[in-house]
Every structure is written in structure tokens, then in C-alpha cells.
Amino acid sequence: MLIVVEPLDAEDHALHGHPERPSRIEAVMAGIGDLHLEGDLLVVDAPPAPLDRLQRVHDPAYLERLRLLSAEGGGPLDPDTYVRPGSWDAARRAAGAALAAVEAARLHGAPAFVPARPPGHHAVTGQGMGFCLVNNVAVAAAALADAGERVLVVDWDVHHGNGTQALFWDDPSVLYVSTHQWPSYPGTGRSDEVGGPGARGWTLNVPLPPGATGDVVRRAFDELVAPVVEAFVPTWVLVSAGFDAHRADPLADLALSAGDFADLAGVVTEYAPPGRLVLLLEGGYDLGALRSSVAATLGRLVGAAPTGEPPTSGGPGTDRVAQVAVRRSAALAAADG
């Protein structure tokens, strides 16, 4: 079974010509339709997130500013990030969808997927940025951590999730792992960023060069991520599932395929206890690549036969994994010293 939270097209959160647009959800749902799951697909509602859950990770003053800006007709938060009349409601529903997915996964013992927009992983405590208004994955991770869970957040979006990292920098109940293009927006996510004094080692960044292919990412998970996850022992796994690392994406320069995302889905499934895996949509701006990548990823979760693009290999970055290991070890040693 696959659980999908009610599609969040957020038509009232849209700006003409912007890459983060409602048609992204149409592409995602087409990808889910390509799996022909029928009775094995469960769709659940996405109520708005309670304000106290949003305030757990965001400054109340920022949330109020976002609400007022939306009510007054909208405007820019930064050159890349917009607010429209429907944006406040869309942001609350996106975060609420993350919470609903956790509860549905717990109830039914099956993986869940959140096709939400706007995305969230760049949003910091007091500011939206990078197309993001509210940090959806952080809202869900904080709720789980407050309930005593140990939460692994895997972020395979092509851009580093600076907001998620910052929010859990010193929280020992959350392990944040990111593979991302470097250099690229937002300029964070160096391999020597390893967590605060109360959570040293529970931030793991793997910056990758432009053109890196799936074999490099898989090597990073095998050699770097797996031992840290084993030491952390997560009870839940949340995935910031951005698909803009696809080679067709117009906003970045990694060279993954839909088959690579399927492989990553298999990896995170091994990390998660049964019924404790939730994937949340982040980036992905080529509609065809988004459709095929979602189908491949979710297909792997439900055991569907692989179709479409095979995994990739041969790109640059094979030496980067060893470099990351050295720099990370040095940073941990310096912190301990």
C-alpha cells in the first residue's frame, strides 16, 4: 500500500512565470497514476497545521507577517520567493499534510507521500526563502521529536536544506543528512558542518560537483551515510524528496535519472522501521522529469517493476566522497578537542 495525502495543487499560491507552479502537482499525480495502484493507493485528507505546531519551528512574528502579507494581497519575501492571497492557507495545508502523513503511516503501517506545495526545506525560523514559506518536513520532525522519537531527515533535493539543518542543528533527536550540488544556492551545506555542541555528528552534508551521477550519490550513502544512520538508530525517516537533481531540471546541474531516485528510495526504506517512512515533495521543475522520477521513487516503495530511465554513472565526483569523509572527521576531531 502507498498512502498519498490529498493533492495540494494550491492554485491560489501561484505567480505567472515562476518555476514553483501548480502544474508541478499535476505532473506528480500523473506519475502516481502511471503506477496503476488502484486498491493499493490510499488518499488521506490534509487539514491545516495547528498554529502551535508551526510556532514550534517558526517565530510567531514571522508567521503573523506571512499571514498579513497574504491577506493584504501578497508580495515578495525575497527575489525568488513570493506570497499571494492564497499563500498562507497553502502553507498551513502543506505543513498539515506532513503531519497527516505521519499519522496515516503510523495507523496503516505503510509509506506515505506528501505532494505539497509550496516546498519547505529552505525556510528558517524567521524567514521564508528559496520558494519556501513554512518548513514542512521540520514541522513533522519536531512533532515526532516532541513525542520522544528519533528522526532521520534525508534531503536529496539538489539544493541544501539550510532551514532544516539550522532548525535541528543542536537537537540530538534529529539526524539531518543532505546530498546536494556544490557550489549552488543557498551556499550552505559544507562537509565540515557537523552539528552543534548538543548534537555533534548528527548533521551530515555531502556536497557534490555539477554533473555528478547517481553512482556518486549511492557511494555516499553506502560509505558515509549508512554508518551514521546505524549509530543514530532512527525510529522514523522523513525524506525531503526534491527531484531537481534530475539531469533535465532547468535550475541545477546534477545528472541523476528517475532510476537513481528509485535506488535512493530503496536505500531510505532500509533505514526506516515498518510504517515509519514519509516522503515530502520539495523541488523538481521539469515536469516530465518530475513525473517519471515520482513514479520511479514511489514504485520502488510498493515493489512495482522498474520502468523508464536506468540509474546513471560515470560523472564527476567519485573522489568527493573520500574528501567529505576526511573533512568531516577533521571537523568532529576539532570540536572534540
# chains A, B, ... in the order shown; residues from 1 in each chain; ligands from 1

$ residues_around --residues "Arg67 (chain A)" --least-positions-apart "4" --cutoff "10 Å" --atoms "only C-alpha atoms" --output "JSON list (two decimals) with C-alpha atoms, in the first residue's frame"
[["chain", "number", "residue", "atom", "x", "y", "z"],
["A", 61, "ALA", "CA", 6.15, 37.18, 14.45],
["A", 62, "TYR", "CA", 7.23, 35.74, 11.09],
["A", 63, "LEU", "CA", 4.09, 33.63, 10.83],
["A", 71, "ALA", "CA", -4.33, 38.70, 3.48],
["A", 72, "GLU", "CA", -3.25, 42.04, 2.02],
["A", 74, "GLY", "CA", 0.77, 39.27, -1.30],
["A", 83, "VAL", "CA", 3.38, 35.41, -1.37],
["A", 85, "PRO", "CA", -3.58, 35.85, -1.45],
["A", 86, "GLY", "CA", -3.83, 32.09, -1.03],
["A", 87, "SER", "CA", -0.30, 31.51, 0.19],
["A", 88, "TRP", "CA", -0.96, 31.47, 3.94],
["A", 89, "ASP", "CA", -3.65, 28.83, 3.57],
["A", 91, "ALA", "CA", 1.48, 26.91, 3.58]]

$ residues_around --residues "Leu279 (chain A)" --least-positions-apart "3" --cutoff "8 Å" --atoms "only C-alpha atoms" --output "list in words"
Pro111, Ala112, Phe113, Val114, Leu238, Val239, Ser240 and Ala241 of chain A

$ closest_residue --among "A:Ala14, A:Leu332, A:Ala49, A:Val153" --to "Val194 (chain A)" --atoms "only C-alpha atoms"
A:Leu332

$ residues_around --residues "Val139 (chain A)" --least-positions-apart "3" --cutoff "7 Å" --atoms "only C-alpha atoms" --output "JSON, numbers by chain"
{"A": [53, 54, 57, 95, 135, 136, 142, 143]}

$ closest_atom_pairs --of "region 169-262 of chain A" --to "region 316-328 of chain A" --cutoff "7 Å" --atoms "only C-alpha atoms" --output "CSV"
residue,atom,partner,partner_atom,distance
A:Ser191,CA,A:Val324,CA,5.6
A:Asp192,CA,A:Arg328,CA,5.0
A:Val206,CA,A:Val324,CA,6.5
A:Leu208,CA,A:Gly317,CA,6.4
A:Pro209,CA,A:Gly317,CA,6.0
A:Gly211,CA,A:Pro316,CA,6.1
A:Ala212,CA,A:Pro316,CA,5.0
A:Val216,CA,A:Thr318,CA,5.6
A:Ala220,CA,A:Val321,CA,5.7
A:Leu224,CA,A:Ala325,CA,7.0

$ write_last_selection --atoms "N, CA and C atoms" --output "CSV table (one decimal), in the first residue's frame"
chain,number,residue,atom,x,y,z
A,191,SER,N,30.9,20.1,4.1
A,191,SER,CA,31.1,18.8,4.8
A,191,SER,C,31.6,19.0,6.2
A,192,ASP,N,32.1,20.2,6.6
A,192,ASP,CA,32.6,20.4,7.9
A,192,ASP,C,31.5,21.0,8.8
A,206,VAL,N,26.9,16.1,2.2
A,206,VAL,CA,27.7,15.6,1.1
A,206,VAL,C,27.5,16.5,-0.1
A,208,LEU,N,28.3,17.9,-3.7
A,208,LEU,CA,28.6,17.2,-4.9
A,208,LEU,C,28.9,18.2,-6.1
A,209,PRO,N,29.8,17.8,-7.0
A,209,PRO,CA,30.1,18.8,-8.1
A,209,PRO,C,29.1,18.7,-9.2
A,211,GLY,N,27.3,17.9,-12.5
A,211,GLY,CA,27.5,16.8,-13.4
A,211,GLY,C,27.6,15.4,-12.7
A,212,ALA,N,27.6,15.4,-11.3
A,212,ALA,CA,27.7,14.2,-10.6
A,212,ALA,C,26.5,13.3,-11.0
A,216,VAL,N,27.7,8.2,-7.7
A,216,VAL,CA,28.4,9.0,-6.7
A,216,VAL,C,27.5,9.2,-5.5
A,220,ALA,N,28.1,7.7,-1.7
A,220,ALA,CA,28.0,8.5,-0.4
A,220,ALA,C,27.1,7.8,0.6
A,224,LEU,N,29.3,6.8,3.7
A,224,LEU,CA,29.2,7.8,4.7
A,224,LEU,C,27.9,7.8,5.5

$ closest_residue --among "A:Ala123, A:Ala245, A:Val278, A:Val151" --to "Asp59 (chain A)" --atoms "only C-alpha atoms"
A:Ala123

$ atom_distance --atom1 "CA of Ser292 (chain A)" --atom2 "CA of Pro207 (chain A)"
24.7 Å

$ closest_residue --among "A:Gly128, A:Leu277, A:Leu264, A:Gly201" --to "Ser329 (chain A)" --atoms "only C-alpha atoms"
A:Gly201

$ residues_around --residues "Ala100 (chain A)" --least-positions-apart "4" --cutoff "8 Å" --atoms "only C-alpha atoms" --output "PyMOL selection string"
chain A and resi 5+44-47+96+104
